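Notes follow the structure.
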Amino acid sequence: MLSRIRFIMIILALITANMATASADKFMSGPAIKNYGKHAKVQQDFNFDKNSTFKVAFDLVKQSEIGAVNTKIEKLARFINMHVANGVPAKNINLALVVHGKAGFDLLKGQLYQEKHQQKNANTALLQDLMKNQVTIYVCGQSAAYHGISNEMLEPGVQMALSAMTAHSVLQNQGYTLNPF
């Protein structure tokens with residue numbers, strides 16, 4: 001009886017693993033950002049105007065694992081890719097990333113990140129790809145000061161804000177919504 005239960009459990013585990021692999025295969029990167037932001041084609045019931053303008057702010061406080069891409073940063077690439085793939089012109093997508101806390105270390109220039117963590121900054125290429133696609137990246141000046149991060153230490157293009165609170169307030173006044181994910 002016990003061996004039969006084990007056999008059934010193994011079969012269920014194999015079926016579940018195959019389903020997960022098949023589901024993961026449905027995700028693709030691009031078309032705007034080639035190496036990041038995988039998304040799936042879905043049959044939509046919630047339709048939206050493809051000519052809409054998207055102004056969305058994302059908030060990031062958690063630093064990635066050392067040497068790994070920050071999955072929260074990659075969500076911006078997914079947002080861009082899935083909307084462009086569904087007919088939204090890239091010029092209609094304006095995203096902002098507001099970074100605070102230890103996540104500021106993910107915005108360090110490559111050499112400085114390498115010196116601090118003894119590994120490459122896996123976020124460098126992603127940050128550059130995002131900024132090439134109309135993403136504005138702000139780091140909280142208060143968090144940066146607390147963690148000893150100066151403007152010169154940041155990846156080129158990253159902007160220092162007075163604070164994350166200030167950046168979010170200004171972005172909201174400019175018509176940006178806050179993405180809750």
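Each chain of the structure tokens is named A, B, ... in the order shown, its residues numbered from 1; ligands are numbered from 1 in display order.
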
### Task
Can you pull out every residue within 8 Å of region 23-36 of chain A, counting only C-alpha atoms, but drop anything in the same chain fewer than 5 positions away, and send it as an MDAnalysis selection string?
chainID A and resid 41 74 77:78 80:81 84:85 90 126 129:130 133

### Message
So that I can check the surroundings of region 96-109 of chain A, please list as a PyMOL selection string every protein, DNA and RNA residue that reaches within 6 Å of it, counting only C-alpha atoms and ignoring chain neighbours fewer than 5 positions away.
### Response
chain A and resi 57-63+135-140+143+153-155

### Task
Run DSSP on the backbone and give me the residues of region 2-151 of chain A it puts in helix (DSSP H, G or I), as a ChimeraX atom specification.
/A:2-25,71-85,90-92,101-107,110-117,124-132,141-146,151

### Message
Would you compute the distance between CA of Leu76 (chain A) and CA of Lys50 (chain A)? Give it in Å to one decimal.
### Response
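Going from CA of Leu76 (chain A) over to CA of Lys50 (chain A), I get 18.2 Å.
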
### Query
Hey, what does DSSP flag as strand (DSSP E) within region 4-179 of chain A? Can you give it to me as JSON, numbers by chain?
{"A": [27, 28, 39, 40, 54, 55, 56, 57, 58, 59, 60, 93, 94, 95, 96, 97, 98, 99, 135, 136, 137, 138, 139, 140, 159, 160, 161, 177, 178]}

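Among the candidates A:Pro180, A:Asn47, A:Gln142, A:Asn94, the residue lying nearest to Met165 (chain A) is A:Gln142 (atoms considered: only C-alpha atoms).
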
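Using only C-alpha atoms, the residues found no farther than 8 Å from Lys120 (chain A), other than those of its own chain fewer than 5 positions away, are A:Gly67, A:Gly110, A:Gln111, A:Tyr113, A:Gln114.
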
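You will find CA of Val42 (chain A) at 11.8 Å from CA of His83 (chain A).
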
## Note on the structure
Taken to one decimal, the CA of Val88 (chain A)-CA of Ala40 (chain A) distance is 15.6 Å

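With only C-alpha atoms as the atoms that count, the minimum distance from Phe181 (chain A) to the choices A:Lys75, A:Lys55, A:His117, A:His39 is reached by A:Lys75.
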